[in-house]
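Source file: my_file_24.txt. Holds: compact mmCIF, C-alpha atoms.
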# COMPACT_ATOMS: atom_id res chain seq x y z
CA ALA I 1 33.28 -32.72 -32.14
CA GLN I 2 31.68 -32.71 -28.75
CA SER I 3 28.18 -32.46 -27.35
CA VAL I 4 26.25 -32.81 -24.12
CA THR I 5 22.77 -34.14 -23.44
CA GLN I 6 21.05 -33.29 -20.20
CA LEU I 7 18.07 -35.52 -19.56
CA GLY I 8 15.14 -33.61 -18.12
CA SER I 9 14.72 -29.88 -18.43
CA HIS I 10 13.19 -29.81 -14.95
CA VAL I 11 13.84 -31.97 -11.89
CA SER I 12 11.69 -31.60 -8.78
CA VAL I 13 12.70 -32.97 -5.37
CA SER I 14 11.66 -32.52 -1.79
CA GLU I 15 13.99 -30.87 0.69
CA GLY I 16 16.24 -33.56 2.16
CA ALA I 17 15.81 -35.92 -0.79
CA LEU I 18 18.53 -37.15 -3.13
CA VAL I 19 19.37 -34.92 -6.08
CA LEU I 20 20.30 -36.62 -9.37
CA LEU I 21 20.88 -34.57 -12.51
CA ARG I 22 21.81 -36.57 -15.58
CA CYS I 23 24.42 -35.71 -18.18
CA ASN I 24 25.68 -37.75 -21.11
CA TYR I 25 28.45 -36.51 -23.34
CA SER I 26 29.93 -37.21 -26.74
CA SER I 27 33.53 -36.37 -27.50
CA SER I 28 36.03 -37.48 -30.14
CA VAL I 29 38.89 -36.94 -27.68
CA PRO I 30 39.26 -37.66 -23.96
CA PRO I 31 37.12 -35.01 -22.37
CA TYR I 32 37.18 -32.53 -19.60
CA LEU I 33 33.73 -32.38 -17.99
CA PHE I 34 32.13 -29.66 -15.91
CA TRP I 35 29.01 -28.83 -13.96
CA TYR I 36 28.02 -25.20 -13.56
CA VAL I 37 25.22 -23.68 -11.49
CA GLN I 38 23.35 -20.50 -12.36
CA TYR I 39 21.27 -18.71 -9.77
CA PRO I 40 18.72 -16.12 -10.94
CA ASN I 41 20.34 -12.94 -12.23
CA GLN I 42 23.83 -14.26 -11.53
CA GLY I 43 26.65 -15.57 -13.66
CA LEU I 44 27.51 -19.22 -14.03
CA GLN I 45 29.56 -20.66 -11.18
CA LEU I 46 31.71 -23.76 -11.48
CA LEU I 47 30.46 -26.56 -9.21
CA LEU I 48 33.04 -29.16 -10.10
CA LYS I 49 35.21 -30.46 -12.91
CA TYR I 50 36.69 -33.73 -14.15
CA THR I 51 40.16 -33.42 -15.66
CA SER I 52 41.35 -37.05 -15.67
CA ALA I 53 42.33 -37.49 -12.05
CA ALA I 54 39.87 -39.32 -9.78
CA THR I 55 36.66 -40.38 -11.54
CA LEU I 56 34.58 -39.36 -8.52
CA VAL I 57 34.77 -35.61 -8.28
CA LYS I 58 33.65 -33.62 -5.27
CA GLY I 59 32.54 -30.03 -5.69
CA ILE I 60 31.15 -27.19 -3.70
CA ASN I 61 27.92 -27.23 -1.66
CA GLY I 62 28.00 -31.00 -1.17
CA PHE I 63 27.67 -31.92 -4.85
CA GLU I 64 29.65 -34.65 -6.53
CA ALA I 65 29.78 -36.30 -9.93
CA GLU I 66 31.19 -39.56 -11.25
CA PHE I 67 32.85 -39.90 -14.64
CA LYS I 68 31.83 -43.21 -16.25
CA LYS I 69 33.61 -43.68 -19.55
CA SER I 70 31.74 -46.88 -20.45
CA GLU I 71 28.42 -45.05 -20.12
CA THR I 72 29.71 -41.68 -21.40
CA SER I 73 28.03 -40.13 -18.38
CA PHE I 74 28.82 -37.52 -15.77
CA HIS I 75 25.75 -37.38 -13.53
CA LEU I 76 25.57 -34.85 -10.70
CA THR I 77 24.36 -35.93 -7.26
CA LYS I 78 23.80 -34.56 -3.80
CA PRO I 79 22.59 -36.77 -0.94
CA SER I 80 20.22 -34.25 0.61
CA ALA I 81 18.65 -31.31 -1.21
CA HIS I 82 18.42 -27.91 0.38
CA MET I 83 16.09 -25.10 -0.60
CA SER I 84 19.09 -23.02 -1.58
CA ASP I 85 20.03 -25.59 -4.25
CA ALA I 86 17.16 -24.43 -6.44
CA ALA I 87 18.85 -23.13 -9.59
CA GLU I 88 19.71 -23.96 -13.20
CA TYR I 89 22.45 -26.54 -13.66
CA PHE I 90 24.55 -26.92 -16.79
CA CYS I 91 26.77 -29.79 -17.81
CA ALA I 92 29.62 -28.98 -20.21
CA VAL I 93 32.38 -30.81 -22.09
CA SER I 94 35.63 -29.61 -23.61
CA GLY I 95 38.65 -31.11 -25.28
CA ARG I 96 41.97 -31.33 -23.51
CA ARG I 97 43.99 -29.06 -25.72
CA GLY I 98 43.87 -25.53 -26.92
CA SER I 99 41.46 -23.06 -25.44
CA TYR I 100 39.32 -25.54 -23.47
CA ILE I 101 36.20 -23.85 -24.75
CA PRO I 102 33.27 -25.79 -23.25
CA THR I 103 30.18 -26.97 -25.08
CA PHE I 104 27.19 -26.64 -22.76
CA GLY I 105 24.04 -28.70 -22.43
CA ARG I 106 20.61 -27.08 -22.41
CA GLY I 107 20.43 -27.02 -18.65
CA THR I 108 18.27 -28.62 -15.97
CA SER I 109 16.19 -26.54 -13.62
CA LEU I 110 16.24 -27.97 -10.09
CA ILE I 111 13.12 -27.27 -8.07
CA VAL I 112 13.20 -28.00 -4.35
CA HIS I 113 9.93 -28.36 -2.43
CA PRO I 114 9.74 -27.78 1.32
CA GLY P 1 38.38 -8.74 -5.35
CA ALA P 2 36.04 -7.74 -8.14
CA GLY P 3 34.64 -10.38 -10.41
CA VAL P 4 33.74 -10.11 -14.07
CA SER P 5 31.40 -7.21 -14.70
CA GLN P 6 29.20 -6.52 -17.69
CA THR P 7 27.40 -3.39 -18.74
CA PRO P 8 24.64 -2.65 -19.32
CA SER P 9 22.75 -5.32 -17.42
CA ASN P 10 19.79 -4.82 -19.73
CA LYS P 11 19.60 -3.35 -23.20
CA VAL P 12 16.45 -2.81 -25.23
CA THR P 13 16.85 -1.72 -28.82
CA GLU P 14 14.92 -1.60 -32.04
CA LYS P 15 15.45 -3.85 -35.01
CA GLY P 16 18.17 -2.52 -37.25
CA LYS P 17 19.99 -0.55 -34.57
CA TYR P 18 23.63 -0.94 -33.50
CA VAL P 19 24.53 -2.04 -29.95
CA GLU P 20 27.69 -2.39 -27.91
CA LEU P 21 28.03 -4.66 -24.90
CA ARG P 22 30.95 -4.25 -22.53
CA CYS P 23 32.87 -6.76 -20.44
CA ASP P 24 35.38 -5.99 -17.67
CA PRO P 25 37.32 -9.16 -16.87
CA ILE P 26 39.04 -10.01 -13.63
CA SER P 27 42.26 -8.02 -13.37
CA GLY P 28 45.20 -9.96 -14.75
CA HIS P 29 43.14 -12.48 -16.68
CA THR P 30 44.55 -12.77 -20.18
CA ALA P 31 41.81 -14.97 -21.64
CA LEU P 32 38.33 -13.61 -22.31
CA TYR P 33 35.31 -15.38 -23.74
CA TRP P 34 31.92 -14.26 -25.05
CA TYR P 35 28.89 -16.54 -25.03
CA ARG P 36 25.25 -16.13 -26.00
CA GLN P 37 22.48 -17.78 -24.02
CA SER P 38 19.06 -17.95 -25.60
CA LEU P 39 15.95 -18.73 -23.57
CA GLY P 40 15.90 -22.36 -22.50
CA GLN P 41 19.37 -23.06 -23.86
CA GLY P 42 22.85 -23.38 -22.51
CA PRO P 43 25.54 -20.80 -23.25
CA GLU P 44 26.79 -20.91 -26.83
CA PHE P 45 30.39 -19.90 -27.58
CA LEU P 46 30.93 -16.81 -29.70
CA ILE P 47 34.56 -15.69 -29.51
CA TYR P 48 37.71 -16.14 -27.42
CA PHE P 49 40.51 -13.63 -26.88
CA GLN P 50 44.01 -14.35 -25.71
CA GLY P 51 45.40 -10.93 -24.84
CA THR P 52 44.41 -8.44 -27.53
CA GLY P 53 43.87 -10.90 -30.33
CA ALA P 54 40.89 -13.04 -31.18
CA ALA P 55 42.27 -16.57 -30.92
CA ASP P 56 39.01 -18.21 -31.99
CA ASP P 57 36.01 -16.42 -33.49
CA SER P 58 34.39 -19.51 -34.96
CA GLY P 59 31.23 -19.03 -32.91
CA LEU P 60 30.27 -15.62 -34.30
CA PRO P 61 27.03 -16.29 -36.19
CA ASN P 62 27.60 -13.81 -39.03
CA ASP P 63 29.44 -10.64 -39.97
CA ARG P 64 27.01 -8.45 -38.04
CA PHE P 65 28.81 -9.56 -34.89
CA PHE P 66 32.24 -8.23 -34.01
CA ALA P 67 34.29 -8.01 -30.82
CA VAL P 68 37.40 -6.14 -29.80
CA ARG P 69 39.80 -6.09 -26.90
CA PRO P 70 42.27 -3.36 -27.83
CA GLU P 71 44.33 -3.23 -24.64
CA GLY P 72 43.98 -6.82 -23.54
CA SER P 73 41.57 -6.04 -20.75
CA VAL P 74 38.08 -4.63 -21.41
CA SER P 75 36.23 -6.15 -24.35
CA THR P 76 33.31 -4.85 -26.37
CA LEU P 77 30.91 -7.03 -28.34
CA LYS P 78 29.38 -5.09 -31.20
CA ILE P 79 26.23 -6.06 -33.08
CA GLN P 80 25.22 -4.22 -36.23
CA ARG P 81 21.75 -4.10 -37.76
CA THR P 82 20.23 -6.00 -34.87
CA GLU P 83 17.53 -8.56 -35.54
CA ARG P 84 14.85 -9.94 -33.23
CA GLY P 85 16.68 -13.26 -33.24
CA ASP P 86 19.66 -11.59 -31.56
CA SER P 87 17.63 -11.26 -28.36
CA ALA P 88 19.44 -13.28 -25.69
CA VAL P 89 21.65 -12.97 -22.63
CA TYR P 90 25.24 -12.28 -23.62
CA LEU P 91 27.73 -13.70 -21.15
CA CYS P 92 31.37 -12.86 -20.71
CA ALA P 93 33.94 -14.98 -18.90
CA SER P 94 37.64 -14.61 -18.16
CA SER P 95 40.41 -16.90 -17.03
CA SER P 96 44.09 -16.78 -16.29
CA THR P 97 46.36 -18.64 -18.68
CA SER P 98 49.04 -21.19 -18.13
CA ARG P 99 50.57 -23.33 -20.79
CA GLY P 100 49.11 -26.76 -21.20
CA GLY P 101 46.51 -26.64 -18.51
CA TYR P 102 42.87 -25.89 -17.89
CA ASN P 103 42.07 -22.70 -16.02
CA GLU P 104 38.64 -22.02 -14.57
CA GLN P 105 36.45 -19.54 -16.42
CA PHE P 106 34.77 -16.94 -14.23
CA PHE P 107 31.49 -15.65 -15.63
CA GLY P 108 29.89 -12.25 -15.41
CA PRO P 109 26.15 -11.79 -14.74
CA GLY P 110 25.42 -11.15 -18.40
CA THR P 111 23.71 -8.48 -20.48
CA ARG P 112 20.12 -9.18 -21.45
CA LEU P 113 19.58 -7.86 -24.98
CA THR P 114 16.05 -7.41 -26.25
CA VAL P 115 15.49 -6.43 -29.86
CA LEU P 116 11.99 -5.14 -30.54

Hey, can you dump this file as structure tokens for me?
Amino acid sequence: AQSVTQLGSHVSVSEGALVLLRCNYSSSVPPYLFWYVQYPNQGLQLLLKYTSAATLVKGINGFEAEFKKSETSFHLTKPSAHMSDAAEYFCAVSGRRGSYIPTFGRGTSLIVHP
Amino acid sequence: GAGVSQTPSNKVTEKGKYVELRCDPISGHTALYWYRQSLGQGPEFLIYFQGTGAADDSGLPNDRFFAVRPEGSVSTLKIQRTERGDSAVYLCASSSTSRGGYNEQFFGPGTRLTVL
């Protein structure tokens, strides 16, 4: 069994400020963890993934996430927000065998103010 | 190259009607997934194909939902006797397959289904 909790349905930041989107997971097996971004009227796009290599994972568009097993967390960060980062962000978890079908969180809407 | 495409982009139907939603995966991708995304929720898994066969259909909510992929490429999600609760965005994704490893899923833009 696996699940994801994303804290905060909406996060609002100013342009240039730090972005922090929180994700906690539950998994009965060592997990794979993902962050996806969804822009309006577009499909989900993979930002980054953790698959048991380095615990600090760097993704596209300057985002990164750190896998912390002791905290069962995989928070997404970006040092400086840009207006173009405004989108819906989804954290997801999957097991390490079989079809790797992810279980998604409910999503966090990132709002960036000028 | 072309990504995953889904048609129609929007579908409005009446309660009780039958609908078909189509997914064209990336050429050469053997794995295909269907998800449903309700308002304010993350995508929810419905069914997964490996080639022509449904490898996992545990996410289909009931027997009104059915999906096929007869030639291992295009897939059709079929919903019979639609209900208002079926209203959602239906997402399709595809990935290549290699034994023992994770392969990135590429998502289409979705079909927004509205049941009146």

With the cut-off set at 6 Å and counting only C-alpha atoms, tabulate each residue of chain P with an atom at most that distance from an atom of chain I, showing the nearest atom pair and its distance in Å to one decimal, ordered by chain and increasing number, as CSV.
residue,atom,partner,partner_atom,distance
P:Gln41,CA,I:Arg106,CA,4.4
P:Gly42,CA,I:Arg106,CA,4.3
P:Phe107,CA,I:Gly43,CA,5.2
P:Gly108,CA,I:Gly43,CA,5.0
P:Pro109,CA,I:Gly43,CA,4.0

Extract, using all atoms listed in the file, all DNA, RNA and protein residues at most 12 Å from P:Tyr90, discarding same-chain residues fewer than 2 positions from it, and format them as a PyMOL selection string.
-> (chain I and resi 43) or (chain P and resi 5-11+20-23+33-39+42-47+76-79+86-88+92-93+107-114)

Write to file, as a tab-separated table (two decimals), keeping the file's coordinate frame, the residues of the selection just made, with C-alpha atoms.
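Final output, selection_1.tsv:
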chain	number	residue	atom	x	y	z
I	43	GLY	CA	26.65	-15.57	-13.66
P	5	SER	CA	31.40	-7.21	-14.70
P	6	GLN	CA	29.20	-6.52	-17.69
P	7	THR	CA	27.40	-3.39	-18.74
P	8	PRO	CA	24.64	-2.65	-19.32
P	9	SER	CA	22.75	-5.32	-17.42
P	10	ASN	CA	19.79	-4.82	-19.73
P	11	LYS	CA	19.60	-3.35	-23.20
P	20	GLU	CA	27.69	-2.39	-27.91
P	21	LEU	CA	28.03	-4.66	-24.90
P	22	ARG	CA	30.95	-4.25	-22.53
P	23	CYS	CA	32.87	-6.76	-20.44
P	33	TYR	CA	35.31	-15.38	-23.74
P	34	TRP	CA	31.92	-14.26	-25.05
P	35	TYR	CA	28.89	-16.54	-25.03
P	36	ARG	CA	25.25	-16.13	-26.00
P	37	GLN	CA	22.48	-17.78	-24.02
P	38	SER	CA	19.06	-17.95	-25.60
P	39	LEU	CA	15.95	-18.73	-23.57
P	42	GLY	CA	22.85	-23.38	-22.51
P	43	PRO	CA	25.54	-20.80	-23.25
P	44	GLU	CA	26.79	-20.91	-26.83
P	45	PHE	CA	30.39	-19.90	-27.58
P	46	LEU	CA	30.93	-16.81	-29.70
P	47	ILE	CA	34.56	-15.69	-29.51
P	76	THR	CA	33.31	-4.85	-26.37
P	77	LEU	CA	30.91	-7.03	-28.34
P	78	LYS	CA	29.38	-5.09	-31.20
P	79	ILE	CA	26.23	-6.06	-33.08
P	86	ASP	CA	19.66	-11.59	-31.56
P	87	SER	CA	17.63	-11.26	-28.36
P	88	ALA	CA	19.44	-13.28	-25.69
P	92	CYS	CA	31.37	-12.86	-20.71
P	93	ALA	CA	33.94	-14.98	-18.90
P	107	PHE	CA	31.49	-15.65	-15.63
P	108	GLY	CA	29.89	-12.25	-15.41
P	109	PRO	CA	26.15	-11.79	-14.74
P	110	GLY	CA	25.42	-11.15	-18.40
P	111	THR	CA	23.71	-8.48	-20.48
P	112	ARG	CA	20.12	-9.18	-21.45
P	113	LEU	CA	19.58	-7.86	-24.98
P	114	THR	CA	16.05	-7.41	-26.25

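Atom CA of I:Lys69 to atom CA of I:Ala54 spans 12.4 Å [interatomic distance, one decimal].
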
Please indicate the distance in Å from atom CA of P:Leu116 to atom CA of P:Tyr48, rounded to one decimal place.
->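 So the two atoms, atom CA of P:Leu116 and atom CA of P:Tyr48, lie 28.1 Å apart.
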
Within 10 Å of I:Phe67, counting only C-alpha atoms, which residues show up once you throw out same-chain ones fewer than 2 positions away? Write them as a list in words, please.
-> Asn24, Tyr32, Leu33, Lys49, Tyr50, Thr51, Ser52, Ala54, Thr55, Leu56, Val57, Ala65, Lys69, Ser70, Glu71, Thr72, Ser73, Phe74, His75 and Leu76 of chain I

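In this comparison, which uses only C-alpha atoms, the residue of I:Val4, I:Ile60, I:Ile111, I:Met83 approaching I:Tyr25 most closely is I:Val4.
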
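Our summary of the geometry notes that atom CA of I:Trp35 is positioned 24.7 Å from atom CA of P:Ser27.
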
Missing atoms in stretch 5-39 of chain I: fill them in up to N, CA and C atoms and send the result as a PDB file, keeping the file's coordinate frame.
ATOM      1  N   THR I   5      24.222 -33.971 -23.567  1.00  0.00           N
ATOM      2  CA  THR I   5      22.770 -34.140 -23.440  1.00  0.00           C
ATOM      3  C   THR I   5      22.420 -34.180 -21.965  1.00  0.00           C
ATOM      4  N   GLN I   6      21.551 -33.285 -21.565  1.00  0.00           N
ATOM      5  CA  GLN I   6      21.050 -33.290 -20.200  1.00  0.00           C
ATOM      6  C   GLN I   6      19.609 -33.801 -20.232  1.00  0.00           C
ATOM      7  N   LEU I   7      19.386 -34.894 -19.556  1.00  0.00           N
ATOM      8  CA  LEU I   7      18.070 -35.520 -19.560  1.00  0.00           C
ATOM      9  C   LEU I   7      17.168 -34.839 -18.539  1.00  0.00           C
ATOM     10  N   GLY I   8      16.074 -34.283 -19.022  1.00  0.00           N
ATOM     11  CA  GLY I   8      15.140 -33.610 -18.120  1.00  0.00           C
ATOM     12  C   GLY I   8      15.430 -32.133 -18.032  1.00  0.00           C
ATOM     13  N   SER I   9      14.530 -31.321 -18.527  1.00  0.00           N
ATOM     14  CA  SER I   9      14.720 -29.880 -18.430  1.00  0.00           C
ATOM     15  C   SER I   9      14.384 -29.380 -17.026  1.00  0.00           C
ATOM     16  N   HIS I  10      13.550 -30.154 -16.319  1.00  0.00           N
ATOM     17  CA  HIS I  10      13.190 -29.810 -14.950  1.00  0.00           C
ATOM     18  C   HIS I  10      13.269 -31.064 -14.084  1.00  0.00           C
ATOM     19  N   VAL I  11      13.825 -30.896 -12.880  1.00  0.00           N
ATOM     20  CA  VAL I  11      13.840 -31.970 -11.890  1.00  0.00           C
ATOM     21  C   VAL I  11      13.301 -31.379 -10.594  1.00  0.00           C
ATOM     22  N   SER I  12      12.329 -32.065 -10.005  1.00  0.00           N
ATOM     23  CA  SER I  12      11.690 -31.600  -8.780  1.00  0.00           C
ATOM     24  C   SER I  12      11.946 -32.589  -7.663  1.00  0.00           C
ATOM     25  N   VAL I  13      12.440 -32.103  -6.526  1.00  0.00           N
ATOM     26  CA  VAL I  13      12.700 -32.970  -5.370  1.00  0.00           C
ATOM     27  C   VAL I  13      12.193 -32.280  -4.113  1.00  0.00           C
ATOM     28  N   SER I  14      12.010 -33.068  -3.095  1.00  0.00           N
ATOM     29  CA  SER I  14      11.660 -32.520  -1.790  1.00  0.00           C
ATOM     30  C   SER I  14      12.934 -32.181  -1.028  1.00  0.00           C
ATOM     31  N   GLU I  15      12.844 -31.203  -0.152  1.00  0.00           N
ATOM     32  CA  GLU I  15      13.990 -30.870   0.690  1.00  0.00           C
ATOM     33  C   GLU I  15      14.414 -32.100   1.471  1.00  0.00           C
ATOM     34  N   GLY I  16      15.729 -32.381   1.468  1.00  0.00           N
ATOM     35  CA  GLY I  16      16.240 -33.560   2.160  1.00  0.00           C
ATOM     36  C   GLY I  16      16.359 -34.791   1.283  1.00  0.00           C
ATOM     37  N   ALA I  17      15.759 -34.766   0.118  1.00  0.00           N
ATOM     38  CA  ALA I  17      15.810 -35.920  -0.790  1.00  0.00           C
ATOM     39  C   ALA I  17      17.086 -35.878  -1.632  1.00  0.00           C
ATOM     40  N   LEU I  18      17.378 -37.036  -2.239  1.00  0.00           N
ATOM     41  CA  LEU I  18      18.530 -37.150  -3.130  1.00  0.00           C
ATOM     42  C   LEU I  18      18.320 -36.321  -4.391  1.00  0.00           C
ATOM     43  N   VAL I  19      19.378 -35.635  -4.809  1.00  0.00           N
ATOM     44  CA  VAL I  19      19.370 -34.920  -6.080  1.00  0.00           C
ATOM     45  C   VAL I  19      20.176 -35.720  -7.097  1.00  0.00           C
ATOM     46  N   LEU I  20      19.594 -35.951  -8.278  1.00  0.00           N
ATOM     47  CA  LEU I  20      20.300 -36.620  -9.370  1.00  0.00           C
ATOM     48  C   LEU I  20      19.987 -35.867 -10.654  1.00  0.00           C
ATOM     49  N   LEU I  21      21.017 -35.262 -11.234  1.00  0.00           N
ATOM     50  CA  LEU I  21      20.880 -34.570 -12.510  1.00  0.00           C
ATOM     51  C   LEU I  21      21.746 -35.302 -13.524  1.00  0.00           C
ATOM     52  N   ARG I  22      21.136 -35.681 -14.629  1.00  0.00           N
ATOM     53  CA  ARG I  22      21.810 -36.570 -15.580  1.00  0.00           C
ATOM     54  C   ARG I  22      22.485 -35.801 -16.713  1.00  0.00           C
ATOM     55  N   CYS I  23      23.665 -36.298 -17.082  1.00  0.00           N
ATOM     56  CA  CYS I  23      24.420 -35.710 -18.180  1.00  0.00           C
ATOM     57  C   CYS I  23      25.139 -36.820 -18.928  1.00  0.00           C
ATOM     58  N   ASN I  24      24.926 -36.863 -20.238  1.00  0.00           N
ATOM     59  CA  ASN I  24      25.680 -37.750 -21.110  1.00  0.00           C
ATOM     60  C   ASN I  24      26.427 -36.907 -22.133  1.00  0.00           C
ATOM     61  N   TYR I  25      27.630 -37.320 -22.456  1.00  0.00           N
ATOM     62  CA  TYR I  25      28.450 -36.510 -23.340  1.00  0.00           C
ATOM     63  C   TYR I  25      28.891 -37.330 -24.566  1.00  0.00           C
ATOM     64  N   SER I  26      29.306 -36.618 -25.561  1.00  0.00           N
ATOM     65  CA  SER I  26      29.930 -37.210 -26.740  1.00  0.00           C
ATOM     66  C   SER I  26      31.174 -36.389 -27.048  1.00  0.00           C
ATOM     67  N   SER I  27      32.293 -37.074 -27.206  1.00  0.00           N
ATOM     68  CA  SER I  27      33.530 -36.370 -27.500  1.00  0.00           C
ATOM     69  C   SER I  27      34.459 -37.269 -28.300  1.00  0.00           C
ATOM     70  N   SER I  28      35.108 -36.707 -29.296  1.00  0.00           N
ATOM     71  CA  SER I  28      36.030 -37.480 -30.140  1.00  0.00           C
ATOM     72  C   SER I  28      37.407 -37.597 -29.491  1.00  0.00           C
ATOM     73  N   VAL I  29      37.621 -36.874 -28.407  1.00  0.00           N
ATOM     74  CA  VAL I  29      38.890 -36.940 -27.680  1.00  0.00           C
ATOM     75  C   VAL I  29      38.557 -37.108 -26.199  1.00  0.00           C
ATOM     76  N   PRO I  30      39.521 -37.579 -25.399  1.00  0.00           N
ATOM     77  CA  PRO I  30      39.260 -37.660 -23.960  1.00  0.00           C
ATOM     78  C   PRO I  30      38.822 -36.304 -23.431  1.00  0.00           C
ATOM     79  N   PRO I  31      37.724 -36.303 -22.710  1.00  0.00           N
ATOM     80  CA  PRO I  31      37.120 -35.010 -22.370  1.00  0.00           C
ATOM     81  C   PRO I  31      37.534 -34.449 -21.016  1.00  0.00           C
ATOM     82  N   TYR I  32      37.351 -33.158 -20.888  1.00  0.00           N
ATOM     83  CA  TYR I  32      37.180 -32.530 -19.600  1.00  0.00           C
ATOM     84  C   TYR I  32      35.678 -32.323 -19.436  1.00  0.00           C
ATOM     85  N   LEU I  33      35.162 -32.491 -18.243  1.00  0.00           N
ATOM     86  CA  LEU I  33      33.730 -32.380 -17.990  1.00  0.00           C
ATOM     87  C   LEU I  33      33.493 -31.444 -16.820  1.00  0.00           C
ATOM     88  N   PHE I  34      32.406 -30.690 -16.905  1.00  0.00           N
ATOM     89  CA  PHE I  34      32.130 -29.660 -15.910  1.00  0.00           C
ATOM     90  C   PHE I  34      30.644 -29.657 -15.558  1.00  0.00           C
ATOM     91  N   TRP I  35      30.357 -29.234 -14.359  1.00  0.00           N
ATOM     92  CA  TRP I  35      29.010 -28.830 -13.960  1.00  0.00           C
ATOM     93  C   TRP I  35      29.080 -27.399 -13.454  1.00  0.00           C
ATOM     94  N   TYR I  36      28.164 -26.580 -13.993  1.00  0.00           N
ATOM     95  CA  TYR I  36      28.020 -25.200 -13.560  1.00  0.00           C
ATOM     96  C   TYR I  36      26.633 -25.007 -12.966  1.00  0.00           C
ATOM     97  N   VAL I  37      26.513 -24.052 -12.047  1.00  0.00           N
ATOM     98  CA  VAL I  37      25.220 -23.680 -11.490  1.00  0.00           C
ATOM     99  C   VAL I  37      24.978 -22.199 -11.786  1.00  0.00           C
ATOM    100  N   GLN I  38      23.733 -21.891 -12.083  1.00  0.00           N
ATOM    101  CA  GLN I  38      23.350 -20.500 -12.360  1.00  0.00           C
ATOM    102  C   GLN I  38      22.149 -20.135 -11.518  1.00  0.00           C
ATOM    103  N   TYR I  39      22.365 -19.230 -10.579  1.00  0.00           N
ATOM    104  CA  TYR I  39      21.270 -18.710  -9.770  1.00  0.00           C
ATOM    105  C   TYR I  39      20.638 -17.531 -10.513  1.00  0.00           C
TER     106      TYR I  39
END
